[in-house]
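Peer 1: I am sharing target.cif, which consists of mmCIF, C-alpha atoms (C1' of nucleotides):
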```
data_structure
#
loop_
_atom_site.label_atom_id
_atom_site.label_comp_id
_atom_site.auth_asym_id
_atom_site.auth_seq_id
_atom_site.Cartn_x
_atom_site.Cartn_y
_atom_site.Cartn_z
CA MET U 7 0.00 0.00 0.00
CA PRO U 8 2.72 2.60 0.78
CA SER U 9 4.30 4.20 -2.25
CA SER U 10 7.29 6.34 -3.11
CA LYS U 11 5.17 8.63 -5.27
CA PRO U 12 3.86 11.89 -3.82
CA THR U 13 0.34 11.76 -2.41
CA SER U 14 -1.85 11.99 -5.50
CA VAL U 15 -4.96 14.08 -5.73
CA THR U 16 -8.28 12.30 -5.84
CA MET U 17 -11.51 13.46 -7.42
CA ASP U 18 -13.04 13.45 -3.95
CA ALA U 19 -10.59 16.16 -2.99
CA VAL U 20 -11.68 18.17 -6.01
CA TYR U 21 -15.38 17.66 -5.27
CA ALA U 22 -14.84 18.90 -1.70
CA ALA U 23 -12.79 21.95 -2.66
CA PRO U 24 -14.58 25.26 -2.11
CA GLY U 25 -13.47 26.51 -5.53
CA TYR U 26 -15.07 23.56 -7.24
CA LEU U 27 -18.28 23.97 -5.25
CA PHE U 28 -18.52 27.66 -6.06
CA ARG U 29 -17.99 27.00 -9.76
CA ARG U 30 -20.66 24.32 -9.66
CA MET U 31 -23.17 26.50 -7.84
CA GLN U 32 -22.54 29.36 -10.26
CA GLN U 33 -23.22 26.95 -13.11
CA ILE U 34 -26.44 25.81 -11.46
CA ALA U 35 -27.50 29.36 -10.60
CA VAL U 36 -27.10 30.51 -14.19
CA ALA U 37 -28.95 27.46 -15.50
CA LEU U 38 -31.90 28.14 -13.19
CA PHE U 39 -31.94 31.83 -14.08
CA VAL U 40 -31.92 31.09 -17.79
CA GLU U 41 -34.63 28.48 -17.41
CA GLU U 42 -36.97 30.78 -15.49
CA CYS U 43 -36.23 33.86 -17.58
CA LYS U 44 -35.79 32.51 -21.08
CA ALA U 45 -38.92 34.35 -22.23
CA PHE U 46 -37.36 37.73 -21.44
CA ASP U 47 -34.15 37.71 -23.47
CA LEU U 48 -31.99 38.80 -20.52
CA THR U 49 -28.96 37.04 -19.04
CA PRO U 50 -28.12 37.26 -15.32
CA VAL U 51 -25.36 39.72 -16.09
CA GLN U 52 -27.54 41.87 -18.31
CA TYR U 53 -30.21 41.83 -15.63
CA ALA U 54 -27.79 43.07 -12.96
CA ALA U 55 -26.54 45.82 -15.25
CA LEU U 56 -30.09 46.86 -16.05
CA VAL U 57 -31.00 47.08 -12.35
CA ALA U 58 -27.92 49.17 -11.64
CA ILE U 59 -28.69 51.56 -14.48
CA SER U 60 -32.28 51.75 -13.30
CA THR U 61 -31.15 52.57 -9.77
CA HIS U 62 -28.49 55.03 -10.95
CA PRO U 63 -29.71 56.78 -14.10
CA GLY U 64 -26.90 58.62 -15.86
CA ILE U 65 -24.14 56.43 -14.48
CA ASP U 66 -21.12 55.89 -16.72
CA ALA U 67 -19.60 52.55 -17.70
CA THR U 68 -16.61 52.70 -15.36
CA ARG U 69 -18.78 53.53 -12.34
CA LEU U 70 -21.24 50.83 -13.39
CA SER U 71 -18.48 48.24 -13.47
CA ALA U 72 -17.63 49.08 -9.84
CA VAL U 73 -21.26 48.89 -8.76
CA ILE U 74 -21.86 45.40 -10.08
CA ALA U 75 -18.26 44.16 -9.68
CA PHE U 76 -17.76 43.61 -13.38
CA ASP U 77 -14.70 43.89 -15.46
CA ARG U 78 -14.70 47.09 -17.49
CA SER U 79 -13.81 45.20 -20.66
CA THR U 80 -16.59 42.67 -20.23
CA LEU U 81 -19.08 45.39 -19.44
CA GLY U 82 -18.48 47.06 -22.79
CA ASN U 83 -19.99 44.12 -24.61
CA VAL U 84 -22.84 43.80 -22.14
CA ILE U 85 -23.75 47.46 -22.64
CA GLU U 86 -23.52 47.01 -26.38
CA ARG U 87 -26.02 44.16 -26.28
CA LEU U 88 -28.40 46.01 -23.96
CA GLU U 89 -28.24 48.96 -26.33
CA ALA U 90 -28.91 46.70 -29.32
CA LYS U 91 -32.02 45.43 -27.57
CA GLU U 92 -32.96 49.08 -26.98
CA PHE U 93 -33.19 48.56 -23.23
CA ILE U 94 -30.73 51.39 -22.56
CA THR U 95 -29.33 54.46 -24.30
CA ARG U 96 -25.85 55.95 -24.21
CA LYS U 97 -25.59 59.72 -24.14
CA PRO U 98 -22.33 61.64 -24.44
CA THR U 99 -21.89 64.53 -22.03
CA LEU U 100 -20.37 67.94 -22.65
CA GLU U 101 -18.70 68.06 -19.25
CA ASP U 102 -16.39 65.16 -20.09
CA ARG U 103 -16.18 64.10 -23.68
CA ARG U 104 -14.74 60.70 -22.77
CA VAL U 105 -17.74 59.39 -20.88
CA LYS U 106 -21.10 58.19 -22.12
CA LEU U 107 -23.94 58.22 -19.63
CA LEU U 108 -26.31 55.29 -19.41
CA TYR U 109 -30.09 55.54 -19.15
CA LEU U 110 -32.91 53.02 -19.13
CA THR U 111 -35.39 53.27 -22.00
CA LYS U 112 -39.11 52.76 -21.50
CA ALA U 113 -38.69 49.29 -22.99
CA GLY U 114 -35.86 48.62 -20.55
CA ALA U 115 -37.93 49.68 -17.57
CA ALA U 116 -40.80 47.53 -18.77
CA ALA U 117 -38.51 44.55 -19.29
CA LEU U 118 -37.24 44.97 -15.74
CA ASP U 119 -40.78 45.04 -14.35
CA ASN U 120 -41.79 42.01 -16.35
CA ILE U 121 -38.80 39.85 -15.53
CA MET U 122 -38.75 40.48 -11.79
CA PRO U 123 -41.11 37.69 -10.70
CA SER U 124 -39.17 35.15 -12.74
CA VAL U 125 -35.87 36.32 -11.32
CA GLU U 126 -37.21 35.95 -7.81
CA LYS U 127 -38.48 32.49 -8.63
CA ALA U 128 -35.05 31.50 -9.95
CA GLN U 129 -33.31 32.89 -6.87
CA ALA U 130 -35.69 30.96 -4.62
CA ARG U 131 -35.15 27.73 -6.52
CA MET U 132 -31.39 27.87 -5.98
CA LEU U 133 -31.77 27.45 -2.23
CA GLN U 134 -35.04 25.48 -2.31
CA PRO U 135 -33.44 22.08 -1.59
CA LEU U 136 -32.16 23.30 1.77
CA LYS U 137 -34.19 23.56 4.94
CA PRO U 138 -35.32 27.17 5.57
CA ALA U 139 -32.98 27.59 8.52
CA ASP U 140 -30.07 26.30 6.46
CA ARG U 141 -30.91 28.71 3.66
CA LYS U 142 -30.60 31.62 6.06
CA THR U 143 -27.32 30.29 7.43
CA LEU U 144 -25.81 29.73 4.00
CA LEU U 145 -26.89 33.13 2.74
CA ALA U 146 -25.50 34.86 5.82
CA LEU U 147 -22.15 33.09 5.58
CA LEU U 148 -21.94 33.67 1.85
CA THR U 149 -22.70 37.36 2.21
CA GLN U 150 -20.07 37.63 4.88
CA LEU U 151 -17.49 35.74 2.85
CA VAL U 152 -18.06 37.74 -0.33
CA ASP U 153 -17.74 40.93 1.66
CA LEU U 154 -14.56 39.87 3.45
CA ASN U 155 -13.01 38.62 0.20
CA ASN U 156 -14.04 41.69 -1.74
CA GLU U 157 -10.51 42.89 -2.43
CA ALA U 158 -9.39 39.48 -3.67
CA SER U 159 -11.17 39.80 -7.00
CA ARG U 160 -9.83 41.86 -9.82
CA VAL U 161 -12.86 44.13 -9.74
CA PRO U 162 -13.89 44.69 -6.13
CA LEU U 163 -17.42 45.86 -5.49
CA ARG U 164 -17.60 49.63 -4.89
CA ALA U 165 -21.25 50.34 -4.29
CA GLU U 166 -20.46 53.90 -3.21
CA ASP U 167 -18.96 54.74 -6.58
CA ALA U 168 -22.46 54.95 -7.96
CA LEU U 169 -22.99 58.24 -6.16
CA GLU U 170 -19.88 59.96 -7.45
CA HIS U 171 -21.40 61.29 -10.63
CA LEU U 172 -23.98 63.18 -8.60
CA GLY U 173 -21.42 65.36 -6.90
CA LYS U 174 -19.76 66.45 -10.13
CA SER U 175 -22.15 69.28 -10.97
CA GLY U 176 -24.37 69.29 -7.90
CA MET F 16 -45.01 56.33 0.28
CA PRO F 17 -47.51 54.30 -1.80
CA SER F 18 -47.02 54.50 -5.53
CA SER F 19 -48.75 53.39 -8.70
CA LYS F 20 -45.49 52.06 -10.14
CA PRO F 21 -44.52 48.42 -9.52
CA THR F 22 -42.10 47.88 -6.69
CA SER F 23 -38.71 48.63 -8.25
CA VAL F 24 -35.67 46.48 -7.69
CA THR F 25 -32.86 47.89 -5.63
CA MET F 26 -29.17 47.06 -5.78
CA ASP F 27 -29.45 45.79 -2.22
CA ALA F 28 -31.83 43.12 -3.51
CA VAL F 29 -29.26 42.15 -6.12
CA TYR F 30 -26.42 42.08 -3.60
CA ALA F 31 -28.45 39.76 -1.36
CA ALA F 32 -29.54 37.39 -4.14
CA PRO F 33 -27.93 33.95 -3.97
CA GLY F 34 -27.20 34.02 -7.70
CA TYR F 35 -25.23 37.22 -7.35
CA LEU F 36 -23.31 35.90 -4.37
CA PHE F 37 -22.41 32.67 -6.17
CA ARG F 38 -21.18 34.58 -9.22
CA ARG F 39 -19.12 36.84 -6.96
CA MET F 40 -17.57 33.94 -5.03
CA GLN F 41 -16.75 32.14 -8.27
CA GLN F 42 -15.02 35.32 -9.46
CA ILE F 43 -13.07 35.53 -6.22
CA ALA F 44 -12.23 31.82 -6.21
CA VAL F 45 -10.79 31.97 -9.71
CA ALA F 46 -8.83 35.12 -8.89
CA LEU F 47 -7.26 33.45 -5.85
CA PHE F 48 -6.48 30.27 -7.80
CA VAL F 49 -4.82 32.21 -10.58
CA GLU F 50 -2.86 34.32 -8.13
CA GLU F 51 -1.51 31.31 -6.24
CA CYS F 52 -0.90 29.17 -9.32
CA LYS F 53 0.24 31.65 -11.94
CA ALA F 54 3.69 30.06 -12.01
CA PHE F 55 2.25 26.75 -13.23
CA ASP F 56 0.37 27.75 -16.37
CA LEU F 57 -2.81 25.92 -15.34
CA THR F 58 -6.32 27.33 -14.98
CA PRO F 59 -8.80 25.94 -12.42
CA VAL F 60 -10.64 24.13 -15.16
CA GLN F 61 -7.49 22.66 -16.67
CA TYR F 62 -6.41 21.58 -13.21
CA ALA F 63 -9.68 19.72 -12.59
CA ALA F 64 -9.45 18.03 -15.97
CA LEU F 65 -5.87 17.02 -15.28
CA VAL F 66 -6.79 15.49 -11.92
CA ALA F 67 -9.65 13.55 -13.49
CA ILE F 68 -7.42 12.20 -16.25
CA SER F 69 -4.82 11.31 -13.65
CA THR F 70 -7.40 9.46 -11.59
CA HIS F 71 -8.96 7.77 -14.63
CA PRO F 72 -6.24 7.09 -17.20
CA GLY F 73 -7.71 6.20 -20.58
CA ILE F 74 -10.98 8.03 -20.02
CA ASP F 75 -12.62 9.55 -23.08
CA ALA F 76 -13.79 13.15 -23.47
CA THR F 77 -17.50 12.46 -23.00
CA ARG F 78 -16.93 10.49 -19.81
CA LEU F 79 -14.54 13.17 -18.60
CA SER F 80 -17.16 15.86 -19.08
CA ALA F 81 -19.53 13.91 -16.83
CA VAL F 82 -16.87 13.41 -14.17
CA ILE F 83 -16.04 17.09 -13.78
CA ALA F 84 -19.49 18.41 -14.73
CA PHE F 85 -18.24 20.23 -17.79
CA ASP F 86 -19.91 20.94 -21.03
CA ARG F 87 -18.65 18.60 -23.74
CA SER F 88 -18.16 21.53 -26.13
CA THR F 89 -16.12 23.52 -23.66
CA LEU F 90 -14.09 20.50 -22.73
CA GLY F 91 -12.86 20.07 -26.30
CA ASN F 92 -10.94 23.32 -26.09
CA VAL F 93 -9.64 22.55 -22.63
CA ILE F 94 -8.28 19.20 -23.83
CA GLU F 95 -6.76 20.90 -26.84
CA ARG F 96 -4.87 23.30 -24.64
CA LEU F 97 -3.71 20.60 -22.24
CA GLU F 98 -2.46 18.65 -25.24
CA ALA F 99 -0.68 21.73 -26.62
CA LYS F 100 1.11 22.06 -23.27
CA GLU F 101 1.98 18.38 -23.58
CA PHE F 102 0.39 17.57 -20.24
CA ILE F 103 -1.84 14.91 -21.80
CA THR F 104 -1.99 12.75 -24.92
CA ARG F 105 -4.95 11.63 -26.98
CA LYS F 106 -4.86 8.10 -28.31
CA PRO F 107 -7.40 6.65 -30.73
CA THR F 108 -8.66 3.17 -29.94
CA LEU F 109 -9.39 0.31 -32.27
CA GLU F 110 -12.46 -0.81 -30.33
CA ASP F 111 -14.35 2.36 -31.13
CA ARG F 112 -12.94 4.57 -33.80
CA ARG F 113 -14.94 7.58 -32.63
CA VAL F 114 -13.31 7.95 -29.24
CA LYS F 115 -9.90 9.21 -28.26
CA LEU F 116 -8.58 8.10 -24.91
CA LEU F 117 -6.85 10.56 -22.63
CA TYR F 118 -3.64 9.92 -20.73
CA LEU F 119 -1.39 12.03 -18.55
CA THR F 120 2.14 12.57 -19.82
CA LYS F 121 5.12 12.55 -17.47
CA ALA F 122 5.15 16.34 -17.72
CA GLY F 123 1.46 16.38 -16.84
CA ALA F 124 1.97 14.20 -13.79
CA ALA F 125 4.87 16.40 -12.71
CA ALA F 126 2.83 19.55 -13.20
CA LEU F 127 0.09 18.07 -11.04
CA ASP F 128 2.54 17.22 -8.27
CA ASN F 129 4.10 20.66 -8.42
CA ILE F 130 0.92 22.67 -8.43
CA MET F 131 -0.83 20.81 -5.61
CA PRO F 132 0.46 22.87 -2.68
CA SER F 133 -0.49 26.11 -4.42
CA VAL F 134 -3.96 24.79 -5.20
CA GLU F 135 -4.46 23.88 -1.58
CA LYS F 136 -3.25 27.29 -0.49
CA ALA F 137 -5.73 28.95 -2.85
CA GLN F 138 -8.59 26.76 -1.61
CA ALA F 139 -7.73 27.62 1.98
CA ARG F 140 -7.58 31.34 1.26
CA MET F 141 -11.12 31.35 -0.11
CA LEU F 142 -12.59 30.47 3.28
CA GLN F 143 -9.84 32.06 5.39
CA PRO F 144 -11.88 35.14 6.38
CA LEU F 145 -14.48 32.98 8.13
CA LYS F 146 -14.16 31.51 11.58
CA PRO F 147 -13.14 27.82 11.42
CA ALA F 148 -16.54 26.64 12.60
CA ASP F 149 -18.26 28.78 9.96
CA ARG F 150 -16.00 27.37 7.26
CA LYS F 151 -17.15 23.88 8.12
CA THR F 152 -20.78 24.93 8.15
CA LEU F 153 -20.55 26.74 4.82
CA LEU F 154 -18.71 23.88 3.18
CA ALA F 155 -21.23 21.35 4.44
CA LEU F 156 -24.22 23.37 3.27
CA LEU F 157 -22.59 24.10 -0.07
CA THR F 158 -21.78 20.45 -0.65
CA GLN F 159 -25.34 19.53 0.20
CA LEU F 160 -26.80 22.21 -2.04
CA VAL F 161 -24.64 21.33 -5.03
CA ASP F 162 -25.59 17.71 -4.64
CA LEU F 163 -29.31 18.37 -4.31
CA ASN F 164 -29.25 20.77 -7.28
CA ASN F 165 -27.16 18.43 -9.41
CA GLU F 166 -29.83 17.86 -12.02
CA ALA F 167 -30.53 21.58 -12.41
CA SER F 168 -27.39 22.24 -14.42
CA ARG F 169 -27.08 21.35 -18.04
CA VAL F 170 -24.23 18.96 -17.30
CA PRO F 171 -24.98 17.12 -14.06
CA LEU F 172 -22.07 15.51 -12.29
CA ARG F 173 -21.86 11.77 -12.97
CA ALA F 174 -18.87 10.57 -11.02
CA GLU F 175 -19.77 6.93 -11.68
CA ASP F 176 -19.42 7.42 -15.43
CA ALA F 177 -15.68 7.38 -14.98
CA LEU F 178 -15.77 3.66 -14.36
CA GLU F 179 -17.74 2.74 -17.47
CA HIS F 180 -14.76 2.45 -19.76
CA LEU F 181 -13.27 -0.20 -17.50
CA GLY F 182 -16.14 -2.59 -18.05
CA LYS F 183 -15.92 -2.43 -21.81
CA SER F 184 -13.16 -4.95 -22.30
CA GLY F 185 -12.65 -6.13 -18.73
"C1'" DT S 1 0.25 77.57 -19.97
"C1'" DC S 2 2.21 73.22 -20.66
"C1'" DC S 3 3.32 68.74 -19.65
"C1'" DA S 4 3.38 64.42 -16.90
"C1'" DT S 5 -0.14 61.62 -15.27
"C1'" DA S 6 -4.59 59.63 -14.83
"C1'" DT S 7 -9.06 58.30 -16.63
"C1'" DT S 8 -12.44 56.62 -20.16
"C1'" DG S 9 -14.10 53.76 -23.57
"C1'" DT S 10 -12.48 50.50 -26.77
"C1'" DC S 11 -10.07 46.70 -28.75
"C1'" DA S 12 -7.30 42.36 -29.36
"C1'" DG S 13 -6.28 38.10 -27.35
"C1'" DT S 14 -7.19 34.09 -24.33
"C1'" DA S 15 -10.27 30.95 -21.64
"C1'" DT S 16 -14.48 29.35 -19.94
"C1'" DG S 17 -19.48 28.02 -20.67
"C1'" DC S 18 -23.72 27.22 -23.28
"C1'" DT S 19 -26.92 25.94 -27.61
"C1'" DG S 20 -27.24 23.75 -31.61
"C1'" DT S 21 -25.47 21.18 -35.53
"C1'" DC S 22 -22.80 17.83 -38.16
"C1'" DA S 23 -20.26 13.73 -40.05
"C1'" DA S 24 -18.40 9.54 -38.68
"C1'" DT S 25 -19.24 5.69 -36.27
"C1'" DC S 26 -21.48 2.29 -33.41
"C1'" DT S 27 -25.54 -0.58 -31.80
"C1'" DC S 28 -29.41 -3.10 -31.84
"C1'" DA S 29 -33.64 -4.66 -33.29
"C1'" DA S 30 -36.34 -6.16 -37.24
"C1'" DT G 11 -27.83 -7.88 -42.58
"C1'" DT G 12 -29.41 -3.61 -42.77
"C1'" DG G 13 -31.18 0.46 -41.44
"C1'" DA G 14 -33.05 3.57 -37.67
"C1'" DG G 15 -31.37 5.68 -33.85
"C1'" DA G 16 -27.76 6.77 -30.50
"C1'" DT G 17 -23.06 8.27 -29.45
"C1'" DT G 18 -18.64 10.73 -30.22
"C1'" DG G 19 -15.74 14.43 -31.24
"C1'" DA G 20 -15.76 18.58 -33.71
"C1'" DC G 21 -17.39 23.02 -34.95
"C1'" DA G 22 -19.99 27.60 -35.31
"C1'" DG G 23 -22.06 31.10 -32.73
"C1'" DC G 24 -23.15 33.68 -28.59
"C1'" DA G 25 -22.10 35.52 -23.84
"C1'" DT G 26 -19.36 36.13 -19.95
"C1'" DA G 27 -14.60 37.07 -17.73
"C1'" DC G 28 -9.78 38.53 -17.51
"C1'" DT G 29 -5.06 40.73 -19.27
"C1'" DG G 30 -2.97 44.15 -21.49
"C1'" DA G 31 -2.81 47.86 -24.68
"C1'" DC G 32 -4.36 52.16 -26.95
"C1'" DA G 33 -6.09 56.93 -28.45
"C1'" DA G 34 -8.72 60.59 -26.84
"C1'" DT G 35 -9.42 63.41 -23.22
"C1'" DA G 36 -9.04 65.54 -18.48
"C1'" DT G 37 -6.43 67.29 -14.57
"C1'" DG G 38 -3.20 69.35 -11.64
"C1'" DG G 39 1.29 70.97 -10.59
"C1'" DA G 40 5.60 73.35 -12.28
#
```
Rewrite the structure of this file - the entire thing - as structure tokens.
Peer 2:
Amino acid sequence: MPSSKPTSVTMDAVYAAPGYLFRRMQQIAVALFVEECKAFDLTPVQYAALVAISTHPGIDATRLSAVIAFDRSTLGNVIERLEAKEFITRKPTLEDRRVKLLYLTKAGAAALDNIMPSVEKAQARMLQPLKPADRKTLLALLTQLVDLNNEASRVPLRAEDALEHLGKSG
Amino acid sequence: MPSSKPTSVTMDAVYAAPGYLFRRMQQIAVALFVEECKAFDLTPVQYAALVAISTHPGIDATRLSAVIAFDRSTLGNVIERLEAKEFITRKPTLEDRRVKLLYLTKAGAAALDNIMPSVEKAQARMLQPLKPADRKTLLALLTQLVDLNNEASRVPLRAEDALEHLGKSG
DNA sequence: TCCATATTGTCAGTATGCTGTCAATCTCAA
DNA sequence: TTGAGATTGACAGCATACTGACAATATGGA
């Protein structure tokens, strides 16, 4: 039974690794979102962006990326697609000719209203298999962990950044 | 306070949604993995594939996709890259001319040995911010949830599939 | 004012992930 | 044995994600 080779990794070790479990849950979460929301032509990412733009009308792309913890590069394409669907508009500003401010269109606002119940159903389904008490525990620990690990990701969440554009001319 | 408009979503609702938290933790987990393992030229996905091939020498791509819960399409590219790095080899078989069996090369086995400590360090860092007891709780709930939601993802985990190829000629 | 520096949106390149399709091949029942 | 149906690897197309670079523009100090 003993061997001269280094201890080899087993699949069980992989299955028990937090990184593997997070990847798997992300996979599952997206699948459930897509299944519940397929009628609305919005991905989870596009949905989050839409909510942020709805909450912060006139935000610019860089600020938006901080508010939803998205890479700036990735966000460019997301914005492009949301604009193609006519859910948002991009308006240049005279104050700073580099930035383009983002606004929800009527269609975008309507889409948001319509999709909400399905999003909530998807979110509920993710935790459904757990007992209610366990759901609360998991959610609390996860929230805590994401917050404490915020700086570890390339694009940390900066919810406050959303307010910056208000102070510019106000 | 009452309004004729539908209740609008807030960012706080997004931040508290399990789907958002899972996406965020996945982001963080990958960032930590890459940071710890950047010297080894292996992504988390490539690492998992390598472990599975190491554990199941002579597995084919379809079986492999079931063992690590990966889309078959995606896996093709992953295998391609692992082959380009000469960490694995693909060998056609006479029994079934459609399949190509996967084997670790010496370089692949060495890479796996070398990267292991860094992988473990990355995995540990993900949960580091939590109290030890909370880490155990989170891990247990997460394992449970992933298992119970297994069928929800497009590519459910089928760990047993790995053994199928053994029965063929044995 | 002018210039070093920073910021903004964009782009190219790489790597997951998913849907859907296809040709080659295998299997099994009629 | 043969032909319908399943399986396999491959591919095209779309949508995240990240790295690194770039031109246009802004900003603040010398």
Peer 1: Between atom CA of Val29 of chain F and atom CA of Ala54 of chain U, what distance in Å does the model show, to one decimal?
Peer 2: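 Rounded to one decimal, the two atoms are 7.1 Å apart.
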Peer 1: Give me, as JSON lines, the closest atom pair and its distance (Å, one decimal) for every residue of chain F within a cut-off of 6 Å of chain U, counting all atoms listed in the file, rows sorted by chain and rising number.
Peer 2:
```
{"residue": "F:Gly34", "atom": "CA", "partner": "U:Ala35", "partner_atom": "CA", "distance": 5.5}
{"residue": "F:Phe37", "atom": "CA", "partner": "U:Gln32", "partner_atom": "CA", "distance": 5.3}
{"residue": "F:Arg38", "atom": "CA", "partner": "U:Gln32", "partner_atom": "CA", "distance": 5.5}
{"residue": "F:Gln41", "atom": "CA", "partner": "U:Phe28", "partner_atom": "CA", "distance": 5.3}
{"residue": "F:Ile43", "atom": "CA", "partner": "U:Ser159", "partner_atom": "CA", "distance": 4.7}
{"residue": "F:Ala44", "atom": "CA", "partner": "U:Gly25", "partner_atom": "CA", "distance": 5.5}
{"residue": "F:Ala46", "atom": "CA", "partner": "U:Ser159", "partner_atom": "CA", "distance": 5.6}
{"residue": "F:Ala167", "atom": "CA", "partner": "U:Ile34", "partner_atom": "CA", "distance": 6.0}
{"residue": "F:Ser168", "atom": "CA", "partner": "U:Ile34", "partner_atom": "CA", "distance": 4.7}
```
Peer 1: Can you check which residues of chain G have any atom within 9 Å of chain F? Use all atoms listed in the file and format it as a list in words.
Peer 2: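 On the chain G side, the interface is DT17, DT18, DG19, DA20, DC21 and DA27 of chain G.
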Peer 1: Select all residues from chain S having any atom no more than 8 Å from an atom of chain F (counting all atoms listed in the file, ignoring ligands), output as JSON, numbers by chain.
Peer 2: {"S": [16, 17, 18, 24, 25, 26]}
Peer 1: Using the chain letters and numbering of this document, enumerate as a ChimeraX atom specification the residues selected by the PyMOL selection byres ((chain G and resi 15) around 9).
Peer 2: /S:27 /G:14,16
Peer 1: May I have the residues from that selection written out with C-alpha atoms (C1' of nucleotides), as a PDB file, in the frame of the given file?
Peer 2:
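Writing done, so here's part22.pdb:
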```
ATOM      1  C1'  DT S  27     -25.540  -0.580 -31.800  1.00  0.00           C
TER       2       DT S  27
ATOM      3  C1'  DA G  14     -33.050   3.570 -37.670  1.00  0.00           C
ATOM      4  C1'  DA G  16     -27.760   6.770 -30.500  1.00  0.00           C
TER       5       DA G  16
END
```
Peer 1: Within 12 Å of DG13 of chain S, counting only C-alpha atoms (C1' of nucleotides), which residues qualify if same-chain residues fewer than 3 places away don't, as a list in words?
Peer 2: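 The contact residues come out as DC28, DT29, DG30 and DA31 of chain G.
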Peer 1: Evaluate the PyMOL selection byres ((chain S and resi 5) around 9) here and jot the selected residues down as a ChimeraX atom specification.
Peer 2: /S:4,6 /G:37
Peer 1: As an exercise, work out the distance from atom CA of Lys121 of chain F to atom CA of Thr104 of chain F in Å and give it to one decimal place.
Peer 2: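 Result for atom CA of Lys121 of chain F versus atom CA of Thr104 of chain F: 10.3 Å, one decimal.
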Peer 1: Return as a list in words the set of residues that the PyMOL selection byres ((chain G and resi 24) around 10) yields on the displayed structure.
Peer 2: DC18 and DT19 of chain S; DA22, DG23, DA25 and DT26 of chain G
Peer 1: Report, in Å to a single decimal, how far apart atom CA of Arg164 of chain U and atom C1' of DA33 of chain G are.
Peer 2: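 So the answer is 27.2 Å.
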Peer 1: Starting from the sparse input, extend segment 100-104 of chain F to all heavy atoms and give the output as a PDB file, in the coordinates of the input.
Peer 2:
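result-v4.pdb, freshly written:
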```
ATOM      1  N   LYS F 100       0.102  21.907 -24.325  1.00  0.00           N
ATOM      2  CA  LYS F 100       1.110  22.060 -23.270  1.00  0.00           C
ATOM      3  C   LYS F 100       1.831  20.745 -23.017  1.00  0.00           C
ATOM      4  O   LYS F 100       2.686  20.661 -22.133  1.00  0.00           O
ATOM      5  CB  LYS F 100       0.440  22.536 -21.979  1.00  0.00           C
ATOM      6  CG  LYS F 100      -0.099  23.946 -22.047  1.00  0.00           C
ATOM      7  CD  LYS F 100      -0.871  24.304 -20.779  1.00  0.00           C
ATOM      8  CE  LYS F 100      -1.562  25.655 -20.965  1.00  0.00           C
ATOM      9  NZ  LYS F 100      -2.406  26.011 -19.809  1.00  0.00           N
ATOM     10  N   GLU F 101       1.394  19.715 -23.725  1.00  0.00           N
ATOM     11  CA  GLU F 101       1.980  18.380 -23.580  1.00  0.00           C
ATOM     12  C   GLU F 101       1.830  17.803 -22.176  1.00  0.00           C
ATOM     13  O   GLU F 101       2.700  17.075 -21.690  1.00  0.00           O
ATOM     14  CB  GLU F 101       3.459  18.393 -24.011  1.00  0.00           C
ATOM     15  CG  GLU F 101       3.607  18.845 -25.462  1.00  0.00           C
ATOM     16  CD  GLU F 101       5.003  18.604 -26.027  1.00  0.00           C
ATOM     17  OE1 GLU F 101       5.863  18.079 -25.294  1.00  0.00           O
ATOM     18  OE2 GLU F 101       5.214  18.947 -27.204  1.00  0.00           O
ATOM     19  N   PHE F 102       0.705  18.131 -21.554  1.00  0.00           N
ATOM     20  CA  PHE F 102       0.390  17.570 -20.240  1.00  0.00           C
ATOM     21  C   PHE F 102      -0.441  16.289 -20.396  1.00  0.00           C
ATOM     22  O   PHE F 102      -0.523  15.491 -19.476  1.00  0.00           O
ATOM     23  CB  PHE F 102      -0.386  18.576 -19.393  1.00  0.00           C
ATOM     24  CG  PHE F 102       0.480  19.682 -18.857  1.00  0.00           C
ATOM     25  CD1 PHE F 102      -0.090  20.842 -18.341  1.00  0.00           C
ATOM     26  CD2 PHE F 102       1.869  19.582 -18.862  1.00  0.00           C
ATOM     27  CE1 PHE F 102       0.694  21.865 -17.835  1.00  0.00           C
ATOM     28  CE2 PHE F 102       2.666  20.606 -18.363  1.00  0.00           C
ATOM     29  CZ  PHE F 102       2.078  21.750 -17.857  1.00  0.00           C
ATOM     30  N   ILE F 103      -1.070  16.130 -21.530  1.00  0.00           N
ATOM     31  CA  ILE F 103      -1.840  14.910 -21.800  1.00  0.00           C
ATOM     32  C   ILE F 103      -1.615  14.474 -23.258  1.00  0.00           C
ATOM     33  O   ILE F 103      -1.115  15.253 -24.068  1.00  0.00           O
ATOM     34  CB  ILE F 103      -3.356  15.121 -21.583  1.00  0.00           C
ATOM     35  CG1 ILE F 103      -3.895  16.145 -22.595  1.00  0.00           C
ATOM     36  CG2 ILE F 103      -3.663  15.558 -20.176  1.00  0.00           C
ATOM     37  CD1 ILE F 103      -5.417  16.228 -22.594  1.00  0.00           C
ATOM     38  N   THR F 104      -1.985  13.227 -23.533  1.00  0.00           N
ATOM     39  CA  THR F 104      -1.990  12.750 -24.920  1.00  0.00           C
ATOM     40  C   THR F 104      -3.349  12.155 -25.244  1.00  0.00           C
ATOM     41  O   THR F 104      -4.047  11.674 -24.352  1.00  0.00           O
ATOM     42  CB  THR F 104      -0.922  11.656 -25.142  1.00  0.00           C
ATOM     43  OG1 THR F 104      -1.138  10.608 -24.178  1.00  0.00           O
ATOM     44  CG2 THR F 104       0.479  12.204 -24.976  1.00  0.00           C
TER      45      THR F 104
END
```
